[in-house]
$ cat query_13.cif   # mmCIF, C-alpha atoms
data_data
#
loop_
_atom_site.label_atom_id
_atom_site.label_comp_id
_atom_site.auth_asym_id
_atom_site.auth_seq_id
_atom_site.Cartn_x
_atom_site.Cartn_y
_atom_site.Cartn_z
CA MET A 193 132.08 118.13 131.70
CA ASP A 194 133.88 118.62 135.02
CA LEU A 195 134.21 121.99 136.76
CA LYS A 196 137.75 122.58 135.50
CA GLU A 197 136.64 122.14 131.90
CA ALA A 198 133.62 124.38 132.44
CA VAL A 199 135.80 127.14 133.86
CA LYS A 200 138.34 126.75 131.07
CA ASP A 201 135.67 127.42 128.50
CA LYS A 202 134.71 130.72 130.12
CA ILE A 203 138.19 132.09 129.55
CA PRO A 204 138.50 133.52 126.04
CA TRP A 205 140.67 131.35 123.85
CA ASP A 206 144.13 132.74 123.12
CA GLY A 207 144.46 131.42 119.59
CA THR A 208 147.03 128.76 120.38
CA LEU A 209 147.11 125.00 119.83
CA PRO A 210 148.17 122.89 122.85
CA LEU A 211 151.42 121.00 122.33
CA ASN A 212 149.87 117.61 122.98
CA GLU A 213 147.24 118.23 120.28
CA PHE A 214 149.69 119.05 117.51
CA SER A 215 150.15 115.51 116.26
CA LEU A 216 146.37 114.93 116.08
CA SER A 217 145.86 118.17 114.21
CA ALA A 218 148.78 117.30 111.93
CA SER A 219 147.47 113.86 111.08
CA THR A 220 143.98 115.22 110.28
CA PHE A 221 145.56 117.89 108.11
CA SER A 222 147.72 115.44 106.19
CA ASP A 223 144.81 112.96 105.76
CA LYS A 224 142.57 115.66 104.34
CA TRP A 225 145.36 116.91 102.12
CA LYS A 226 145.92 113.44 100.74
CA MET A 227 142.20 113.03 100.13
CA PHE A 228 141.39 116.40 98.60
CA ASN A 229 144.63 117.95 97.39
CA HIS A 230 145.83 115.12 95.21
CA SER A 231 147.60 117.28 92.68
CA PHE A 232 150.27 117.51 95.38
CA PRO A 233 152.35 114.80 97.00
CA PRO A 234 151.25 114.06 100.58
CA TRP A 235 152.65 115.63 103.74
CA LEU A 236 154.76 113.18 105.70
CA TRP A 237 155.09 112.92 109.47
CA ASN A 238 158.68 112.98 110.73
CA PRO A 239 159.29 111.93 114.32
CA CYS A 240 161.62 114.31 116.14
CA PRO A 241 165.26 113.30 116.22
CA LYS A 242 165.98 111.38 119.40
CA HIS A 243 168.33 113.90 120.99
CA HIS A 244 165.54 116.47 121.05
CA LEU A 245 163.22 114.29 123.09
CA ASN A 246 165.17 114.99 126.29
CA SER A 247 164.14 118.64 126.35
CA SER A 248 161.22 119.73 128.47
CA HIS A 249 159.17 120.38 125.34
CA LYS A 250 157.86 117.05 124.21
CA VAL A 251 157.11 117.81 120.61
CA GLU A 252 156.74 114.51 118.87
CA GLY A 253 157.42 115.42 115.26
CA TYR A 254 156.79 117.68 112.30
CA LEU A 255 155.19 117.52 108.85
CA SER A 256 157.19 117.75 105.65
CA LEU A 257 156.37 118.32 102.00
CA GLU A 258 159.57 118.16 100.05
CA ASN A 259 161.00 118.55 96.60
CA VAL A 260 158.08 120.24 94.93
CA CYS A 261 159.02 122.24 91.91
CA LEU A 262 157.65 125.63 91.13
CA VAL A 263 156.67 125.69 87.47
CA LYS A 264 157.17 129.04 85.82
CA SER A 265 157.00 130.12 82.23
CA CYS A 266 157.32 133.48 80.58
CA GLU A 267 153.73 133.51 79.43
CA GLU A 268 152.17 132.50 82.75
CA GLU A 269 149.42 134.82 83.89
CA LYS A 270 150.16 136.39 87.22
CA ASN A 271 148.16 134.58 89.84
CA HIS A 272 147.08 136.13 93.06
CA GLY A 273 147.45 133.50 95.72
CA SER A 274 148.41 130.22 94.16
CA LEU A 275 151.21 128.93 92.00
CA SER A 276 151.70 125.92 89.77
CA TRP A 277 153.65 123.14 91.40
CA LYS A 278 154.88 119.77 90.28
CA ALA A 279 156.28 116.88 92.22
CA GLU A 280 159.89 116.48 91.23
CA SER A 281 159.47 113.13 89.53
CA ASN A 282 157.07 114.61 86.98
CA ILE A 283 159.47 117.24 85.81
CA SER A 284 162.02 115.32 83.78
CA GLN A 285 159.58 114.21 81.09
CA ALA A 286 158.08 117.62 80.47
CA GLU A 287 161.21 119.71 80.64
CA GLU A 288 162.90 120.85 77.48
CA PRO A 289 166.55 121.71 77.71
CA PHE A 290 167.18 125.39 77.30
CA ASP A 291 170.17 127.21 76.00
CA HIS A 292 171.90 129.40 78.59
CA ALA A 293 173.61 131.32 75.83
CA THR A 294 170.46 132.78 74.32
CA LEU A 295 168.84 135.94 75.57
CA VAL A 296 165.36 134.49 75.21
CA CYS A 297 163.65 133.55 78.48
CA PRO A 298 163.82 129.78 78.91
CA GLU A 299 160.49 128.15 78.41
CA PHE A 300 160.71 126.25 81.63
CA GLU A 301 162.42 126.95 84.94
CA ALA A 302 162.16 124.93 88.09
CA ASN A 303 163.01 126.01 91.61
CA HIS A 304 162.70 123.26 94.20
CA TYR A 305 160.98 123.85 97.51
CA ASP A 306 160.85 122.00 100.80
CA PHE A 307 158.14 122.89 103.33
CA HIS A 308 157.99 121.85 106.98
CA ILE A 309 155.23 122.46 109.50
CA VAL A 310 156.91 122.61 112.90
CA TYR A 311 155.28 123.24 116.28
CA SER A 312 156.72 126.11 118.31
CA PRO A 313 156.55 125.36 122.04
CA SER A 314 157.25 129.01 122.91
CA TYR A 315 154.45 130.49 120.78
CA ARG A 316 152.27 127.36 121.04
CA VAL A 317 151.36 127.52 117.37
CA PRO A 318 152.51 125.76 114.20
CA VAL A 319 155.17 127.46 112.09
CA LEU A 320 155.83 127.08 108.36
CA TYR A 321 159.50 126.60 107.50
CA PHE A 322 160.70 126.49 103.92
CA ARG A 323 163.77 126.52 101.80
CA SER A 324 164.40 126.60 98.09
CA TYR A 325 167.17 125.41 95.83
CA TYR A 326 168.02 125.30 92.15
CA SER A 327 168.09 122.03 90.25
CA ASP A 328 171.82 121.79 90.91
CA GLY A 329 171.23 121.97 94.67
CA GLN A 330 172.39 125.55 95.18
CA PRO A 331 170.17 127.35 97.66
CA LEU A 332 168.06 130.26 96.46
CA PRO A 333 168.63 133.55 98.22
CA LEU A 334 165.56 135.23 99.72
CA SER A 335 165.58 137.86 96.97
CA GLU A 336 165.00 135.10 94.42
CA ILE A 337 162.40 133.34 96.55
CA GLU A 338 160.49 136.59 96.82
CA LYS A 339 160.22 136.68 93.05
CA ASP A 340 158.57 133.27 93.21
CA LEU A 341 155.98 134.29 95.79
CA PRO A 342 152.52 134.86 94.32
CA GLY A 343 152.72 138.63 94.36
CA HIS A 344 149.73 140.40 95.70
CA SER A 345 148.50 138.23 98.52
CA ALA A 346 152.00 137.49 99.73
CA GLU A 347 152.78 141.21 99.85
CA LEU A 348 149.64 141.97 101.81
CA LEU A 349 150.28 139.35 104.41
CA LEU A 350 153.94 140.20 104.77
CA GLU A 351 153.55 143.98 104.85
CA SER A 352 150.72 143.76 107.33
CA LYS A 353 152.87 141.83 109.81
CA TRP A 354 150.22 139.17 110.21
CA THR A 355 153.32 137.19 109.41
CA PHE A 356 156.74 137.89 107.90
CA ILE A 357 159.71 135.94 106.65
CA THR A 358 162.78 135.46 108.80
CA GLN A 359 165.74 133.16 108.50
CA GLU A 360 166.86 131.02 111.37
CA GLU A 361 168.20 127.61 112.15
CA HIS A 362 165.68 124.82 111.72
CA PRO A 363 164.77 123.53 115.21
CA TYR A 364 165.83 119.97 114.39
CA LEU A 365 167.98 120.03 111.28
CA ASN A 366 170.83 122.42 112.19
CA ARG A 367 170.64 124.33 108.93
CA PRO A 368 169.31 127.76 108.08
CA TRP A 369 165.77 127.72 106.81
CA TYR A 370 163.27 130.48 106.17
CA LYS A 371 160.13 130.64 108.20
CA LEU A 372 156.92 132.62 108.49
CA HIS A 373 157.25 134.27 111.87
CA PRO A 374 154.64 133.06 114.36
CA CYS A 375 154.28 136.16 116.54
CA GLY A 376 150.97 137.15 114.92
CA THR A 377 149.56 133.66 114.47
CA ARG A 378 147.49 133.47 117.63
CA ASP A 379 145.80 136.79 116.79
CA TRP A 380 144.56 135.74 113.40
CA MET A 381 143.79 132.19 114.55
CA LYS A 382 141.51 133.79 117.14
CA LEU A 383 139.66 135.56 114.35
CA LEU A 384 139.27 132.34 112.41
CA LEU A 385 138.35 129.86 115.10
CA SER A 386 137.01 131.62 118.23
CA ASP A 387 133.43 130.89 117.26
CA THR A 388 134.02 127.18 117.01
CA TYR A 389 136.39 126.86 119.95
CA THR A 390 135.77 124.86 123.05
CA SER A 391 138.65 123.24 124.85
CA SER A 392 137.15 119.78 124.57
CA ASN A 393 136.01 120.09 120.99
CA LYS A 394 137.90 117.53 118.96
CA ASN A 395 136.67 119.09 115.74
CA PHE A 396 138.37 122.32 116.67
CA ILE A 397 141.71 120.57 117.18
CA GLU A 398 141.36 118.71 113.90
CA GLN A 399 140.41 121.92 112.12
CA TYR A 400 143.23 124.04 113.53
CA LEU A 401 145.97 123.23 111.03
CA VAL A 402 143.60 123.40 108.06
CA SER A 403 142.44 126.88 109.04
CA TRP A 404 146.00 127.91 109.80
CA PHE A 405 147.27 126.66 106.45
CA SER A 406 144.56 128.54 104.53
CA VAL A 407 146.47 131.67 105.58
CA VAL A 408 150.14 130.71 105.47
CA GLY A 409 149.67 128.73 102.27
CA GLN A 410 148.74 131.96 100.50
CA VAL A 411 152.14 133.47 101.25
CA VAL A 412 153.96 130.62 99.50
CA GLY A 413 151.38 129.89 96.81
CA LEU A 414 150.07 126.61 98.19
CA LYS A 415 146.31 126.47 97.84
CA ILE A 416 144.17 124.11 99.89
CA SER A 417 141.10 122.63 98.31
CA LEU A 418 137.78 123.80 99.72
CA GLU A 419 136.74 120.24 100.59
CA MET A 420 139.33 120.23 103.33
CA LEU A 421 137.16 122.66 105.26
CA ASN A 422 134.38 120.47 106.76
CA ILE A 423 131.78 121.98 104.53
CA GLU A 424 128.69 120.18 105.77
CA GLU A 425 129.38 120.90 109.42
CA LYS A 426 130.10 124.54 108.78
CA LYS A 427 126.87 125.02 106.88
CA LEU A 428 124.97 123.63 109.84
CA PHE A 429 126.71 126.02 112.19
CA GLU A 430 126.14 129.04 109.96
CA THR A 431 122.43 128.38 109.64
CA THR A 432 122.05 128.37 113.41
CA ALA A 433 124.08 131.55 113.87
CA SER A 434 122.08 133.48 111.31
CA ASP A 435 118.82 132.48 112.97
CA ILE A 436 119.98 133.96 116.23
CA PHE A 437 121.61 137.15 115.05
CA GLU A 438 119.64 138.30 112.06
CA MET B 45 122.74 126.28 96.06
CA ALA B 46 122.05 125.81 92.36
CA ALA B 47 124.92 124.24 90.58
CA ASP B 48 122.93 124.04 87.39
CA SER B 49 122.51 127.77 86.69
CA PRO B 50 125.02 128.97 84.14
CA THR B 51 127.77 130.61 86.18
CA SER B 52 128.47 133.14 83.47
CA VAL B 53 125.23 135.06 84.16
CA ARG B 54 125.01 134.42 87.86
CA LYS B 55 125.90 137.14 90.33
CA VAL B 56 126.71 136.45 93.96
CA VAL B 57 125.65 138.72 96.81
CA VAL B 58 128.57 139.43 99.10
CA HIS B 59 128.09 140.92 102.55
CA LEU B 60 131.23 142.50 104.03
CA ARG B 61 131.33 142.40 107.79
CA ALA B 62 133.79 144.39 109.90
CA THR B 63 135.28 142.64 112.92
CA GLY B 64 137.26 144.05 115.83
CA ASP B 65 137.91 147.74 115.32
CA ALA B 66 137.91 147.60 111.53
CA PRO B 67 135.94 150.45 109.95
CA ILE B 68 132.41 149.64 108.87
CA LEU B 69 131.61 150.29 105.24
CA LYS B 70 128.75 152.61 104.33
CA GLN B 71 127.68 150.11 101.76
CA SER B 72 128.51 146.63 102.89
CA LYS B 73 126.46 144.55 100.45
CA PHE B 74 127.18 144.25 96.79
CA LYS B 75 126.96 141.86 93.86
CA ILE B 76 129.85 140.32 92.03
CA ALA B 77 130.01 137.92 89.09
CA GLY B 78 130.39 134.34 90.27
CA THR B 79 133.14 133.76 87.78
CA ASP B 80 135.31 136.49 89.33
CA LYS B 81 138.13 135.52 91.62
CA PHE B 82 138.02 136.28 95.31
CA ALA B 83 140.95 138.62 94.65
CA LYS B 84 138.37 141.08 93.35
CA VAL B 85 136.59 141.16 96.72
CA ILE B 86 139.88 141.75 98.51
CA GLU B 87 140.78 144.48 96.03
CA PHE B 88 137.39 146.14 96.53
CA LEU B 89 137.82 146.11 100.30
CA ARG B 90 141.30 147.59 100.10
CA ARG B 91 140.11 150.42 97.88
CA GLN B 92 137.05 151.17 100.01
CA LEU B 93 139.01 151.24 103.23
CA HIS B 94 142.15 152.83 101.82
CA ARG B 95 144.17 150.22 103.61
CA GLU B 96 146.73 147.79 102.40
CA THR B 97 146.67 145.65 105.48
CA LEU B 98 143.52 143.62 105.82
CA PHE B 99 142.88 140.14 107.08
CA VAL B 100 139.96 138.68 105.16
CA TYR B 101 138.17 135.50 106.14
CA VAL B 102 134.96 133.54 105.90
CA ASN B 103 133.14 132.44 109.05
CA SER B 104 133.75 128.86 108.20
CA ALA B 105 137.15 129.40 109.73
CA PHE B 106 139.46 130.03 106.84
CA SER B 107 140.94 132.73 104.68
CA PRO B 108 140.01 132.12 101.04
CA ASN B 109 142.80 132.00 98.51
CA PRO B 110 142.50 135.00 96.19
CA ASP B 111 142.40 132.64 93.20
CA GLU B 112 139.22 130.93 94.38
CA LEU B 113 136.14 131.65 92.31
CA VAL B 114 133.47 133.59 94.15
CA VAL B 115 130.79 131.16 92.97
CA ASP B 116 132.66 128.20 94.51
CA LEU B 117 132.90 130.01 97.82
CA TYR B 118 129.22 130.92 97.69
CA ASN B 119 128.13 127.40 96.78
CA ASN B 120 130.05 125.91 99.69
CA PHE B 121 129.92 128.60 102.38
CA GLY B 122 127.10 130.93 101.47
CA PHE B 123 123.76 130.94 103.29
CA ASP B 124 120.55 132.96 103.14
CA GLY B 125 121.43 133.89 99.57
CA LYS B 126 124.72 135.61 100.34
CA LEU B 127 128.38 135.06 101.08
CA VAL B 128 129.50 136.74 104.30
CA VAL B 129 133.10 137.92 104.19
CA ASN B 130 134.69 139.21 107.39
CA TYR B 131 137.61 141.61 107.54
CA ALA B 132 139.93 142.83 110.26
CA CYS B 133 142.77 145.30 110.29
CA SER B 134 146.34 144.83 111.43
CA MET B 135 146.71 144.54 115.14
CA ALA B 136 149.47 146.16 117.08
CA TRP B 137 151.78 143.61 118.57
CA GLY B 138 151.96 143.82 122.35
#
$ encode --input "query_13.cif" --output "structure tokens"
Amino acid sequence: MDLKEAVKDKIPWDGTLPLNEFSLSASTFSDKWKMFNHSFPPWLWNPCPKHHLNSSHKVEGYLSLENVCLVKSCEEEKNHGSLSWKAESNISQAEEPFDHATLVCPEFEANHYDFHIVYSPSYRVPVLYFRSYYSDGQPLPLSEIEKDLPGHSAELLLESKWTFITQEEHPYLNRPWYKLHPCGTRDWMKLLLSDTYTSSNKNFIEQYLVSWFSVVGQVVGLKISLEMLNIEEKKLFETTASDIFE
Amino acid sequence: MAADSPTSVRKVVVHLRATGDAPILKQSKFKIAGTDKFAKVIEFLRRQLHRETLFVYVNSAFSPNPDELVVDLYNNFGFDGKLVVNYACSMAWG
């Protein structure tokens, strides 16, 4: 390790992910998701539209998970942090047509969601963007989206201002999307990853998005599988720490 | 970590650890049924601390989804016979 690296590691980490590491972290995240979260379609990498590459921020692309349907039924037990999702192509077989004229709650409703993970050069952290629309393509207003959110855990995160929902133009797509505001992200990422951080640690970079998503996913009801979390390595680390401190 | 014990009778020891300036609990260790969801731990913390706004995480660098079963978290991230759960309070934005 050269002197510059050694000095860098003495400075406490600020919770951010360097811009040039985003695509590595994104590809590790999407690989692990594909491997361990197979009830979902995979995240796809989208290179940034060409006209954005001329800016001083050289963000290469973003991740997308699109057209997942939120499955709701009247009898569904209220979950705390996760929701039932289906990829759009699975819906048509299962769905029964319902009669708009009746007062009985339809057995099956489907709101469609698109999720994007976009790097913010100003905050130097990833940001979750999302939008929702009915089956006929009409966008859902935020008041309806909030009814979809998994209740308790979403409320806690949003009320606490660890993150909150705002609407703004998507950085690359020129349309209004909702996003989970990134102003608090570096603070809670510090809590999650400070112990494992060193500036040259590739594992840390690969782990960043997985750790990050464990939090933001709760707000929108997307649950990561525990296998995504480098279990064997973590157990090794924990054993060492407990020997020293206890 | 025994995966062969029946989870219905097995209790998990949870150790709640305050981080930052979060208040320390008088009693920070307790037992919970493995088949309970993590939501119960979060709920317990909120009641004990009289605070709505808590950030709860496990040292293996993630925040567990409230729908996770405590026994799954213990089996994967527990050590020395317990599951350590950290908590922090809302920070003021600068």
$ resolve_selection --input "query_13.cif" --expression "the PyMOL selection byres ((chain A and resi 232-235) around 9)" --output "PyMOL selection string"
chain A and resi 221-223+225-226+229-231+236-237+255-258+260+277-279+308
$ residues_around --input "query_13.cif" --residues "stretch 92-100 of chain B" --least-positions-apart "4" --cutoff "10 Å" --atoms "all atoms listed in the file" --output "number ranges by chain"
A: 347-354, 380, 383-384, 407; B: 60-63, 66-71, 85-88, 106-109, 129-135
$ residues_around --input "query_13.cif" --residues "A:Leu320" --least-positions-apart "2" --cutoff "10 Å" --atoms "all atoms listed in the file" --output "tab-separated table (two decimals) with C-alpha atoms, in the frame of the given file"
chain	number	residue	atom	x	y	z
A	255	LEU	CA	155.19	117.52	108.85
A	256	SER	CA	157.19	117.75	105.65
A	307	PHE	CA	158.14	122.89	103.33
A	308	HIS	CA	157.99	121.85	106.98
A	309	ILE	CA	155.23	122.46	109.50
A	310	VAL	CA	156.91	122.61	112.90
A	311	TYR	CA	155.28	123.24	116.28
A	318	PRO	CA	152.51	125.76	114.20
A	322	PHE	CA	160.70	126.49	103.92
A	357	ILE	CA	159.71	135.94	106.65
A	370	TYR	CA	163.27	130.48	106.17
A	371	LYS	CA	160.13	130.64	108.20
A	372	LEU	CA	156.92	132.62	108.49
A	373	HIS	CA	157.25	134.27	111.87
A	374	PRO	CA	154.64	133.06	114.36
A	404	TRP	CA	146.00	127.91	109.80
A	405	PHE	CA	147.27	126.66	106.45
A	408	VAL	CA	150.14	130.71	105.47
A	409	GLY	CA	149.67	128.73	102.27
A	412	VAL	CA	153.96	130.62	99.50
$ atom_distance --input "query_13.cif" --atom1 "atom CA of A:Leu262" --atom2 "atom CA of A:Leu275"
7.3 Å
$ resolve_selection --input "query_13.cif" --expression "the PyMOL selection byres ((chain B and resi 127) around 9)" --output "VMD selection string"
chain B and resid 56 to 60 102 114 117 to 119 121 to 126 128 to 129
$ atom_distance --input "query_13.cif" --atom1 "atom CA of A:Lys382" --atom2 "atom CA of B:Ala105"
9.7 Å
$ atom_distance --input "query_13.cif" --atom1 "atom CA of A:His304" --atom2 "atom CA of A:Ser276"
12.2 Å
$ closest_residue --input "query_13.cif" --among "B:Ser104, B:Lys81, B:Gly64, B:Lys75" --to "chain A" --atoms "all atoms listed in the file"
B:Ser104
$ closest_residue --input "query_13.cif" --among "A:Ser403, A:Thr377, A:Ser335, A:Leu418" --to "chain B" --atoms "only C-alpha atoms"
A:Ser403
$ closest_residue --input "query_13.cif" --among "A:Ala218, A:Leu209, A:Leu421, A:Ile203" --to "chain B" --atoms "all atoms listed in the file"
A:Leu421
$ closest_residue --input "query_13.cif" --among "A:Gly273, A:Gly343, A:Gly413, A:Pro333" --to "chain B" --atoms "all atoms listed in the file"
A:Gly273
$ residues_around --input "query_13.cif" --residues "A:Ser327" --least-positions-apart "3" --cutoff "8 Å" --atoms "all atoms listed in the file" --output "ChimeraX atom specification"
/A:302-304,330
